[in-house]
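Step one of this worksheet: look at the structure below.
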Amino acid sequence: MDTRLTQTNPAPAVLPASEHDPHGSHADHRLFGLATFLVADGMTFAGFFAAYLTFKAVNPLPEGSSYELELLLPSINTVLLLISSFTFHRAGVACRGGHLPRSQAWLLVTTALGAAFLAGQMVEYFSLPFGLRDNLFASTFYALTGFHGLHVTLGVICILVVCWQARPGGRITATSHFGLEAAELYWHFVDGIWVVLYGILDQADRSSGLIKTLFHQSTCRSVPAMGTISLSVFSFHGTGLSWHWRGTTQPRQVRRCWLVRLFWPRPDL
Amino acid sequence: MAIPSALITLLIGIALTLAGLWVGHNVRLLPIDASANAPVYDALFEVLFTIGTILFLGIVGLLVYSLVRFRRRSGDSGDGLAIEGNLPLEIVWTAIPAVVVLFVGIYSYDIYERMGGMASFHDHGAHDHAAMAAMVQEASVASAASTDPDGQERIWGGIGQSASGAAVLPVEVTAMQFAFIFHYPDSGITAGELHVPLGQSVQLRMEAKDVIHAFWVPQFRLKQDVIPGQPTLLTFTPTRAGTYPIVCAELCGPYHGGMRSSVVVHEPDGFDAWLQSNRPAQVAQAPAAPFS
Amino acid sequence: MTVANPAELEQGLQPQGWLKYFSFSLDHKVIGIQYLVCGFLFYFIGGALAGVIRTELASPLSDFVSRDTYNEVLTLHGTIMIFLWIVPVVNGAFGNYLIPFYVGARDMAFPRLNAVAFWLIPPAGILLISSYFLAGAASQSGWTAYPPLSLTTPAAGQIVWILSVLLLGGSSIFGGINFIATVLKLRRPGLKMMQLPMFCWAMLGTSILVVLSTPVLAGTLILLSFDIIAHTGFFNPALGGNVVVYQHLFWFYSHPAVYIMVLPAFGLVSEILPVHARKPLFGYTTMVYSIMAIVVLGLIVWAHHMFTSGTPPWMRLFFTIATSFIAVPTGIKFFNWLATLWGGKIALNSAVLFSCAFIFNFVFGGITGVALAQVPFDIHVHDTYFVVAHFHYIVYGGSVFVIFASLYHWYPKFTGRLLNEDLGRAHFLLTFIGFNLCFAPQHWLGLNGMPRRVAEYDPAFTTWNQVSSVGALLMAISTLPLVINVVLTALAGPVAGDNPWRALTPEWLTTSPPPVENWAGEAPLVTEPYGYGEHPGAMDLSGLSGRDLWSTGKS
C-alpha cells in the first residue's frame, strides 16, 4: 500500500479518544459528536419526564400513599449545581488563558460542589419516608433523580480526571484541552437537566402554598407541560386531566429539612 | 401520432377510475356484517379500496410501461434526457395526494364519529351505569383507586354510545388468561359466552385481570383492548342473528391463539328465553363483581 | 511520517487480508462489509425462525412446536429481523461504506466509535439468540414486549432481551452520531449540502431519528427492567402502574424505527435508479424536503399503533391526520422515481428489477398504510394478519428488496467482480413471487378474523395460510441463487473494472475495491452526482412522447 495512504497522524494528545481522527485532514469534531450524544441523552431524560408527567396526570396513588418531599435541601442543591456550572466555566476560561493551576483550583471547587450535591441527594434519599417500591410516585422519583445522580457521579469522575490531566506536563494544555471542554459541556448539560427535573418534580410536588394553588387553577394546568416542550403531548394522556396525584386524604406539607430541624428546632418541640 | 397526450392521459385516468370503482364495489374481502357499525365500516372500506386500487394500478402501470418503453436496447450505451425536475409537476403530485389524504381523513373521522368513537365516556355512565358504578365503589381498593373523586367510574377509552336515549344492555367483560367472562349486572347472569338481543344497543365495560387482551368480533368490525387497571368501553348494536367468534387480538401468552369465545345474537324472544333459563336463583343478590 | 508513530504502529499491527474483517478495523469500508455480512448471517437465522412460524401455521392446530416455543420464535424473529438485520444493514453497512465516499472524506468522522458501534452487534445478537438455549427461555412477549405480559413471562429471557436491545440501541445511536457528524462536518471543501448524493440526506434524516428516538426506547426498557428485577410498578397495574404509558414510550421509538429502516432504502434507490436509467434524479430539491418532512412527521405519529389501547378520542384524531400526511412526502418520492425512469434508457438488470419491485411493494404497503391510519379502519384490523401483511410489505418488500438491489449494484465496488445476471434474475423472480404469495393472502386473513401472533387458528383460514407458507418456502429457496451467486462470483466472477455502471457518484471514481483511504490522490469534487443524460436543449423534444408533461417546466 502506498505509504501516503496509511495513517500519518499522531495520536490525539487528549482524552480517552474513543474517536480520534487518523487523517489529520479535517478539524476536530469530537465536541460536535459529544453535543449530538448529549441530545440523545437528553431524549432519555425527556422520555422519563414524559412518563413522570403522564403518571402524575392520570394515575392516582392509593389512599394513604406517602409522597412528601423536602423543599429546602433540593433547593440548596440546585443552587450548588448552578454555582458549579459557573466555577467550571471559570476553570475553562483559566485554562484557555494559560493559567492551568488556577484552572485546576476551579475544577477542584467544582468537584467539591458536585460532591456536595451528591451528598445532599444521599441525605434526602435516606430521610425520605418512602422507598423505591412504595408507590408509583416513589418509583418515578427515585428513577429520575437516580438516573440524574448517575450522570452527576460520572461528571465528578470526569472532572477529577481532567483535573489530573491539567497538571504540569499533563495532556491538557492551554492550546489542547478537548477533555476539559467536553467535561464542561457535559457538566452544563447535567445542570440543565437538573433544573428541568427540579422544575417539574419539585415545583409540583415539593412545595405547597402558592404553587399548589396555581396548579389547581385550570388555566395553569398546561404550564408545566409547556416547560417540557417536545413530549408534552404525553402529559395530556387520559381523559381525566389533572395535575395532582389523586386519592390521598392527607394534606400535603413541606417537610422541614433536616438542616433546618437541626439548627432551628420548632418552638413546640 | 395525432392524438394529444393530454387526451390519452384523460382516457387512462377515466379507465383507471372505472376499474377502481368496479374493484371496490365488486371484490368482497370482508366477512358478513352483523352490527349497525359494520355497513358503515364497509362503506369506508369500499372508498379506501377504490382509491387504493386506482393509485396502485396507476403507479404500477406507469412503472411497467416505463420499464418496457424505456428499456435499454442492446448496443445502445447512450443516456436518457437530462431532465432534472419540473416544478409544476411536483406541485401536482404533492397537491393530489394531500387532497386525497385530507378527504380520506375527514371522511373516516366522520365515520368514526358515527360509530361512537368520539363520544364522551362520562355522560352516559352517570345514569346508565349507576348500579355498576355503585358496585365498583364498594369493590376493592384497586377499583376505588380508578374512581373519580366524585365517585364516578373512570373509563379510559373505547367506543361509546353514538345515539343517546336508546336503552343499552350493560355487560361487564372480564378478560383473563385465556378466557372472557361475561357478567350481566341487570340479571346477575355470569357466562362464558356473550348473548345479546338483536337490534338492541349493548355496552361492554371491559377490564382485564392479568395482561392486556383485546376483544374482537370480526363480523361487528369492532375491536377494543381489554387492559388491566384501565376499564374500557365497547358499544355496538347487533343487526343479524347468529353466532360469531370473539377473538383475543393481543398477544397474551402461550394460549393466545386459543383464547376465543362466541357472541350469540338472539331474536328478542330468544334472548328473553335465554335470560330466563340462565337467571341465578337469587336474583337480588348479584355476585361480586368479577373484577376486583 | 516517521516510523515512531503510535497510530501507524497500530495500523501495522492490524491484520491484513481476510483477517481484517474479524478485527477491530477502523476502515469504514471494512466496517461496512462487517455490518453487511453479519447482517446476512442474522437474516438467515431470522429467516429460519420465519420458516418455523410458517410451518406451524400450515395447519390450524398448534402441532409443530410448543406454544411457549412459538412465542419465543416470533419474538426472536421480529427482534432479529429489525435490530440485527435491517437496521444494521441499511444504516451500518451501506451507510458506512458509502457516506465517506459521498462527502469526499477518507473515513467516518469518528472511526473508533464506528468500530465500537459495529462490535456491539455480534455480542448482542449472540446474547439474544443464546437466551433460547442458556437462560431457559427466550423472551415470549413479542418484539413489542408489552407489559404486563413481559412482566409475567420468564424473567431471565426478558432481561436478556432488554440487555441485547439496549446494546443494539447503543450501537445505533453511536452510528447515528457518526453519520450526522460525517455528513455535516466532514464534507470535502467546496462540496455544498445540496450537491450531496441523496443517500447522504437519507442517512442524515435517519440519524436524526435515531438520535432523537432510540434513547427514549432505552429509557423505557430500563424502567421495564426495573419492573422485572426490582418489582417497581411503572408498568404494572397491580402496583398502580400504567401499561399504556409503556406503549406510548415504546412507539415513540418504534414508529420512527420504521423510517430508520426505510429512509436509507429510499436513499439507496435514489442512487441506483439514475445510474441504470441514465438520467438525472428527478426533483432533487423536493426529494430532500420530503425526506426532512418524513423525519418531522415520523416523530409525531406514534400513537397510531395504539388506536385500540384506550387512548382519548382527540389523540386518535390527531394521529390519524398526522399519519395520513406522511403519505404526501412519501408519494412525492415515488413519483420522482417514476419520473426518473421516464424517458431514460433503463438497463433491466437485477439491481433495477429489485428497485422497481421495491416501488411495487412499497406502494402497495403504503396504500394499506394510509388505510390503517384511519381509526375506524384500524379498529377492525389492528393486531391482525392484515397488519402483519402491511408491515412486511413495508420492511421486506421495501427495505429488504432494496438491500438486494444494493447488493447487485455495489457488489462490483465491494469486490471488483460482477454478480451473475442470470442467477440474479432467478433470485429476483423467486423472491418477488414468493414474497407476494406469502404476504398478499395475509391481508384477507386479517380482514376475515385471523389475529397475529397465534399458533392456532380457525380451520376456515387453512387454505390461504398454506398458500402463504408455500410463498415462504419460495422465499427460503430464493436465498440459494443469491448465496451461490455471491460465493461463485467472489471465487471466479468476471472482473468488473473500476466503474462497470459508468456511474458518476464519487465511490465509483476510484478503484474497485477501493484503497484504504478511498482515493490514491485527492478526493474528487463531485458537484453533480446525477449529471447523466443529454441536455434537453440539444435534443428535438417533439420526438418524445408525453412531451407536454416532461418539458423543463418553463413553458
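So you can find residues: chains in the C-alpha cells are A, B, ... in the order shown, residues in each start at 1, and ligands are numbered from 1 in order.
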
**Report entry** DSSP-assigned helix (DSSP H, G or I) among segment 20-248 of chain B, expressed as an MDAnalysis selection string
**Finding:** chainID B and resid 20:26 37:69 87:115 123:128 130:138 141:145 218:220

Counting only C-alpha atoms, which residues of chain C sit at most 6 Å from some atom of chain B, and what is each one's closest atom pair with its distance in Å to one decimal, listed by chain and rising residue number, as CSV?
```
residue,atom,partner,partner_atom,distance
C:Arg67,CA,B:Pro254,CA,5.0
C:Asp68,CA,B:Pro254,CA,5.2
C:Pro148,CA,B:Val211,CA,5.1
C:Leu149,CA,B:Val211,CA,5.4
C:Pro237,CA,B:Gly229,CA,5.3
C:Arg278,CA,B:Asp79,CA,4.8
C:Lys279,CA,B:Gly80,CA,5.2
C:Pro280,CA,B:Glu84,CA,5.6
C:Phe282,CA,B:Glu84,CA,4.9
C:Gly283,CA,B:Gly85,CA,4.3
C:Thr308,CA,B:Gln224,CA,5.0
C:Ser309,CA,B:Asp225,CA,5.4
C:Gly310,CA,B:Gly157,CA,3.8
C:Thr311,CA,B:Gly157,CA,5.6
C:Pro312,CA,B:Gly157,CA,5.8
C:Pro313,CA,B:Met118,CA,5.4
C:Ser324,CA,B:Val101,CA,6.0
C:Val328,CA,B:Pro97,CA,5.6
C:Trp342,CA,B:Ser66,CA,5.7
C:Gly343,CA,B:Phe70,CA,5.9
C:Gly344,CA,B:Gly80,CA,4.2
C:Lys345,CA,B:Arg72,CA,4.6
C:Ile346,CA,B:Arg71,CA,4.5
C:Ala347,CA,B:Arg72,CA,5.2
C:Ile367,CA,B:Gly52,CA,5.8
C:Pro376,CA,B:Tyr112,CA,5.4
C:Ile379,CA,B:Lys223,CA,5.4
C:His380,CA,B:Arg221,CA,4.8
C:Asp383,CA,B:Ala249,CA,5.8
C:Leu447,CA,B:Leu30,CA,5.9
C:Asn448,CA,B:Pro31,CA,5.5
C:Gly449,CA,B:Pro218,CA,5.3
C:Pro451,CA,B:Ala249,CA,5.2
C:Val454,CA,B:Gly257,CA,4.4
C:Ala455,CA,B:Gly257,CA,5.7
C:Glu456,CA,B:Gly257,CA,5.2
C:Gly533,CA,B:Ala82,CA,4.3
C:Glu534,CA,B:Leu81,CA,5.2
C:His535,CA,B:Ala82,CA,4.9
C:Pro536,CA,B:Ala82,CA,6.0
C:Gly546,CA,B:Ser5,CA,5.8
C:Thr552,CA,B:Asn86,CA,5.7
C:Gly553,CA,B:Asn86,CA,4.9
```

Report task. Counting only C-alpha atoms, figure out which residue out of A:Leu144, A:Ala94, A:Val196, A:Leu136 gets nearest to Lys56 of chain A. Result ->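 Checking each candidate against Lys56 of chain A, we get A:Leu136 as the closest.
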
Ala116 of chain A surroundings by only C-alpha atoms, 10 Å radius, close-in-sequence under 4 positions cut, as a tab-separated table (two decimals) with N, CA and C atoms, in the first residue's frame:
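Result file follows (result-v8.tsv):
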```
chain	number	residue	atom	x	y	z
A	77	ASN	N	-29.41	22.31	46.83
A	77	ASN	CA	-28.69	21.50	45.85
A	77	ASN	C	-28.70	22.16	44.49
A	80	LEU	N	-26.27	24.91	44.49
A	80	LEU	CA	-24.90	24.37	44.44
A	80	LEU	C	-24.53	24.00	43.00
A	81	LEU	N	-25.45	23.33	42.34
A	81	LEU	CA	-25.16	22.86	40.99
A	81	LEU	C	-25.01	24.03	40.02
A	110	THR	N	-15.32	22.92	41.70
A	110	THR	CA	-16.47	22.31	41.01
A	110	THR	C	-16.71	20.89	41.53
A	111	THR	N	-15.61	20.14	41.67
A	111	THR	CA	-15.74	18.78	42.19
A	111	THR	C	-16.39	18.79	43.57
A	112	ALA	N	-15.92	19.73	44.40
A	112	ALA	CA	-16.46	19.79	45.75
A	112	ALA	C	-17.96	20.08	45.70
A	120	GLY	N	-25.94	15.69	49.33
A	120	GLY	CA	-27.28	16.18	49.63
A	120	GLY	C	-28.35	15.22	49.14
A	121	GLN	N	-28.12	14.68	47.94
A	121	GLN	CA	-29.08	13.72	47.39
A	121	GLN	C	-29.17	12.50	48.30
A	122	MET	N	-28.00	12.04	48.75
A	122	MET	CA	-27.97	10.86	49.63
A	122	MET	C	-28.77	11.14	50.91
```

Report task. Fewer than 3 positions away in the same chain doesn't count, so skip those; otherwise give me all residues within 7 Å of Leu281 of chain C, counting only C-alpha atoms, as a PyMOL selection string. Result -> (chain B and resi 84) or (chain C and resi 270+274+284+340+530)

Export of prior selection with N, CA and C atoms as a PDB file, in the first residue's frame:
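Okay, this is what ended up in out34.pdb:
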```pdb
ATOM      1  N   GLU B  84     -33.989  17.388 -14.951  1.00  0.00           N
ATOM      2  CA  GLU B  84     -33.692  17.313 -13.522  1.00  0.00           C
ATOM      3  C   GLU B  84     -34.888  17.613 -12.642  1.00  0.00           C
TER       4      GLU B  84
ATOM      5  N   SER C 270     -32.559   5.923  -4.684  1.00  0.00           N
ATOM      6  CA  SER C 270     -32.268   7.168  -5.398  1.00  0.00           C
ATOM      7  C   SER C 270     -30.882   7.148  -6.023  1.00  0.00           C
ATOM      8  N   PRO C 274     -30.970   6.370 -11.048  1.00  0.00           N
ATOM      9  CA  PRO C 274     -30.414   7.270 -12.082  1.00  0.00           C
ATOM     10  C   PRO C 274     -29.279   6.619 -12.872  1.00  0.00           C
ATOM     11  N   TYR C 284     -34.499  16.745  -7.341  1.00  0.00           N
ATOM     12  CA  TYR C 284     -33.590  16.608  -6.206  1.00  0.00           C
ATOM     13  C   TYR C 284     -34.073  17.381  -4.988  1.00  0.00           C
ATOM     14  N   THR C 340     -37.939   9.738 -12.821  1.00  0.00           N
ATOM     15  CA  THR C 340     -36.545   9.454 -13.149  1.00  0.00           C
ATOM     16  C   THR C 340     -36.458   8.369 -14.213  1.00  0.00           C
ATOM     17  N   TYR C 530     -25.591  13.389 -10.260  1.00  0.00           N
ATOM     18  CA  TYR C 530     -26.572  12.774 -11.169  1.00  0.00           C
ATOM     19  C   TYR C 530     -26.523  13.426 -12.543  1.00  0.00           C
TER      20      TYR C 530
END
```

**Report entry** Who sits within 10 Å of Ala93 of chain C, only C-alpha atoms, same chain under 2 positions skipped, as a ChimeraX atom specification
**Finding:** /C:28-39,86-91,95-98,118,403

Could those residues be written to a file, using N, CA and C atoms, as a tab-separated table (two decimals), in the first residue's frame?
```
chain	number	residue	atom	x	y	z
C	28	HIS	N	-13.72	2.46	7.28
C	28	HIS	CA	-15.17	2.45	7.13
C	28	HIS	C	-15.65	1.40	6.16
C	29	LYS	N	-14.83	1.05	5.17
C	29	LYS	CA	-15.25	0.05	4.19
C	29	LYS	C	-15.24	-1.34	4.82
C	30	VAL	N	-14.20	-1.61	5.63
C	30	VAL	CA	-14.17	-2.90	6.33
C	30	VAL	C	-15.36	-3.00	7.27
C	31	ILE	N	-15.64	-1.90	7.99
C	31	ILE	CA	-16.76	-1.92	8.93
C	31	ILE	C	-18.07	-2.12	8.18
C	32	GLY	N	-18.20	-1.46	7.04
C	32	GLY	CA	-19.41	-1.64	6.25
C	32	GLY	C	-19.62	-3.09	5.85
C	33	ILE	N	-18.54	-3.73	5.39
C	33	ILE	CA	-18.65	-5.14	4.99
C	33	ILE	C	-18.96	-6.00	6.21
C	34	GLN	N	-18.34	-5.65	7.35
C	34	GLN	CA	-18.62	-6.41	8.57
C	34	GLN	C	-20.12	-6.35	8.89
C	35	TYR	N	-20.67	-5.13	8.83
C	35	TYR	CA	-22.11	-4.98	9.08
C	35	TYR	C	-22.91	-5.84	8.10
C	36	LEU	N	-22.51	-5.80	6.83
C	36	LEU	CA	-23.28	-6.47	5.79
C	36	LEU	C	-23.29	-7.98	6.00
C	37	VAL	N	-22.10	-8.53	6.20
C	37	VAL	CA	-22.02	-9.99	6.34
C	37	VAL	C	-22.69	-10.44	7.62
C	38	CYS	N	-22.42	-9.69	8.69
C	38	CYS	CA	-23.04	-10.01	9.98
C	38	CYS	C	-24.57	-9.95	9.84
C	39	GLY	N	-25.05	-8.90	9.17
C	39	GLY	CA	-26.49	-8.76	8.98
C	39	GLY	C	-27.07	-9.94	8.20
C	86	ILE	N	-32.21	-5.53	9.35
C	86	ILE	CA	-32.48	-4.38	8.50
C	86	ILE	C	-31.78	-3.12	9.00
C	87	VAL	N	-31.95	-2.80	10.29
C	87	VAL	CA	-31.33	-1.56	10.79
C	87	VAL	C	-29.81	-1.58	10.59
C	88	PRO	N	-29.10	-2.64	11.02
C	88	PRO	CA	-27.65	-2.60	10.82
C	88	PRO	C	-27.25	-2.60	9.35
C	89	VAL	N	-28.02	-3.26	8.48
C	89	VAL	CA	-27.57	-3.35	7.10
C	89	VAL	C	-27.86	-2.06	6.33
C	90	VAL	N	-29.10	-1.54	6.40
C	90	VAL	CA	-29.34	-0.34	5.61
C	90	VAL	C	-28.59	0.86	6.18
C	91	ASN	N	-28.45	0.91	7.52
C	91	ASN	CA	-27.69	2.03	8.09
C	91	ASN	C	-26.21	1.71	8.13
C	95	GLY	N	-24.49	2.64	4.82
C	95	GLY	CA	-24.13	3.97	5.31
C	95	GLY	C	-22.63	4.10	5.51
C	96	ASN	N	-22.03	3.13	6.21
C	96	ASN	CA	-20.60	3.23	6.48
C	96	ASN	C	-19.78	3.12	5.21
C	97	TYR	N	-20.21	2.25	4.31
C	97	TYR	CA	-19.41	2.07	3.11
C	97	TYR	C	-19.48	3.30	2.23
C	98	LEU	N	-20.67	3.88	2.08
C	98	LEU	CA	-20.87	4.89	1.04
C	98	LEU	C	-20.70	6.33	1.52
C	118	PHE	N	-20.04	-1.17	15.62
C	118	PHE	CA	-20.23	-2.47	14.98
C	118	PHE	C	-20.02	-3.60	15.98
C	403	ILE	N	-32.12	-3.79	-0.15
C	403	ILE	CA	-30.82	-4.36	0.23
C	403	ILE	C	-30.31	-5.26	-0.90
```

Query raised in the report: Do you know which residues are at most 8 Å from Phe319 of chain C counting only C-alpha atoms, after dropping those on the same chain fewer than 2 positions away, and could you put them as a list in words?
Result: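 Selected residues are Ile300, Val301, Trp302, Ala303, His304, Met315, Arg316, Leu317, Ile321, Ala322, Thr323 and Ala373 of chain C.
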
Any chance you can output those residues with N, CA and C atoms as a PDB file, in the first residue's frame?
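Done, and the output landed in again_7.pdb:
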```pdb
ATOM      1  N   ILE C 300     -44.108  12.354  15.130  1.00  0.00           N
ATOM      2  CA  ILE C 300     -45.362  12.710  15.796  1.00  0.00           C
ATOM      3  C   ILE C 300     -46.533  11.845  15.334  1.00  0.00           C
ATOM      4  N   VAL C 301     -46.258  10.576  15.051  1.00  0.00           N
ATOM      5  CA  VAL C 301     -47.364   9.723  14.601  1.00  0.00           C
ATOM      6  C   VAL C 301     -47.455   8.430  15.400  1.00  0.00           C
ATOM      7  N   TRP C 302     -46.692   8.316  16.493  1.00  0.00           N
ATOM      8  CA  TRP C 302     -46.515   7.005  17.107  1.00  0.00           C
ATOM      9  C   TRP C 302     -47.822   6.386  17.601  1.00  0.00           C
ATOM     10  N   ALA C 303     -48.776   7.212  18.025  1.00  0.00           N
ATOM     11  CA  ALA C 303     -49.940   6.617  18.692  1.00  0.00           C
ATOM     12  C   ALA C 303     -50.903   5.953  17.719  1.00  0.00           C
ATOM     13  N   HIS C 304     -50.585   5.958  16.408  1.00  0.00           N
ATOM     14  CA  HIS C 304     -51.475   5.208  15.518  1.00  0.00           C
ATOM     15  C   HIS C 304     -51.302   3.702  15.703  1.00  0.00           C
ATOM     16  N   MET C 315     -56.790  12.334  20.638  1.00  0.00           N
ATOM     17  CA  MET C 315     -55.459  11.835  20.297  1.00  0.00           C
ATOM     18  C   MET C 315     -55.532  10.972  19.044  1.00  0.00           C
ATOM     19  N   ARG C 316     -56.613  10.183  18.963  1.00  0.00           N
ATOM     20  CA  ARG C 316     -56.765   9.351  17.770  1.00  0.00           C
ATOM     21  C   ARG C 316     -56.917  10.224  16.534  1.00  0.00           C
ATOM     22  N   LEU C 317     -57.673  11.308  16.684  1.00  0.00           N
ATOM     23  CA  LEU C 317     -57.897  12.196  15.547  1.00  0.00           C
ATOM     24  C   LEU C 317     -56.576  12.807  15.083  1.00  0.00           C
ATOM     25  N   ILE C 321     -54.560  12.075  11.368  1.00  0.00           N
ATOM     26  CA  ILE C 321     -54.250  13.076  10.348  1.00  0.00           C
ATOM     27  C   ILE C 321     -52.750  13.155  10.120  1.00  0.00           C
ATOM     28  N   ALA C 322     -51.985  13.177  11.217  1.00  0.00           N
ATOM     29  CA  ALA C 322     -50.529  13.251  11.070  1.00  0.00           C
ATOM     30  C   ALA C 322     -50.023  12.059  10.260  1.00  0.00           C
ATOM     31  N   THR C 323     -50.540  10.866  10.575  1.00  0.00           N
ATOM     32  CA  THR C 323     -50.072   9.671   9.878  1.00  0.00           C
ATOM     33  C   THR C 323     -50.439   9.716   8.405  1.00  0.00           C
ATOM     34  N   ALA C 373     -54.082   4.022   8.876  1.00  0.00           N
ATOM     35  CA  ALA C 373     -54.024   5.250   9.671  1.00  0.00           C
ATOM     36  C   ALA C 373     -55.419   5.721  10.050  1.00  0.00           C
TER      37      ALA C 373
END
```

Query raised in the report: Could you list, as a ChimeraX atom specification, every residue of chain C that has an atom within 6 Å of an atom of chain A, counting only C-alpha atoms?
Result: /C:1,7-8,110-113,211-212,215-216,219,232,312,517

Export of prior selection with C-alpha atoms as an mmCIF file, in the first residue's frame:
```cif
data_model
loop_
_atom_site.group_PDB
_atom_site.id
_atom_site.type_symbol
_atom_site.label_atom_id
_atom_site.label_comp_id
_atom_site.auth_asym_id
_atom_site.auth_seq_id
_atom_site.Cartn_x
_atom_site.Cartn_y
_atom_site.Cartn_z
ATOM 1 C CA MET C 1 5.681 10.468 8.649
ATOM 2 C CA ALA C 7 -1.157 5.307 15.124
ATOM 3 C CA GLU C 8 0.958 3.889 12.337
ATOM 4 C CA PHE C 110 -15.166 9.013 14.423
ATOM 5 C CA PRO C 111 -13.609 5.794 13.115
ATOM 6 C CA ARG C 112 -13.047 4.238 16.508
ATOM 7 C CA LEU C 113 -16.581 4.942 17.667
ATOM 8 C CA VAL C 211 -30.563 10.166 17.922
ATOM 9 C CA LEU C 212 -33.930 11.566 18.956
ATOM 10 C CA PRO C 215 -32.749 6.944 23.738
ATOM 11 C CA VAL C 216 -36.433 7.032 24.641
ATOM 12 C CA GLY C 219 -35.044 4.718 28.988
ATOM 13 C CA THR C 232 -41.354 -1.496 40.911
ATOM 14 C CA PRO C 312 -58.581 9.522 24.225
ATOM 15 C CA GLU C 517 -8.164 5.773 2.242
#
```
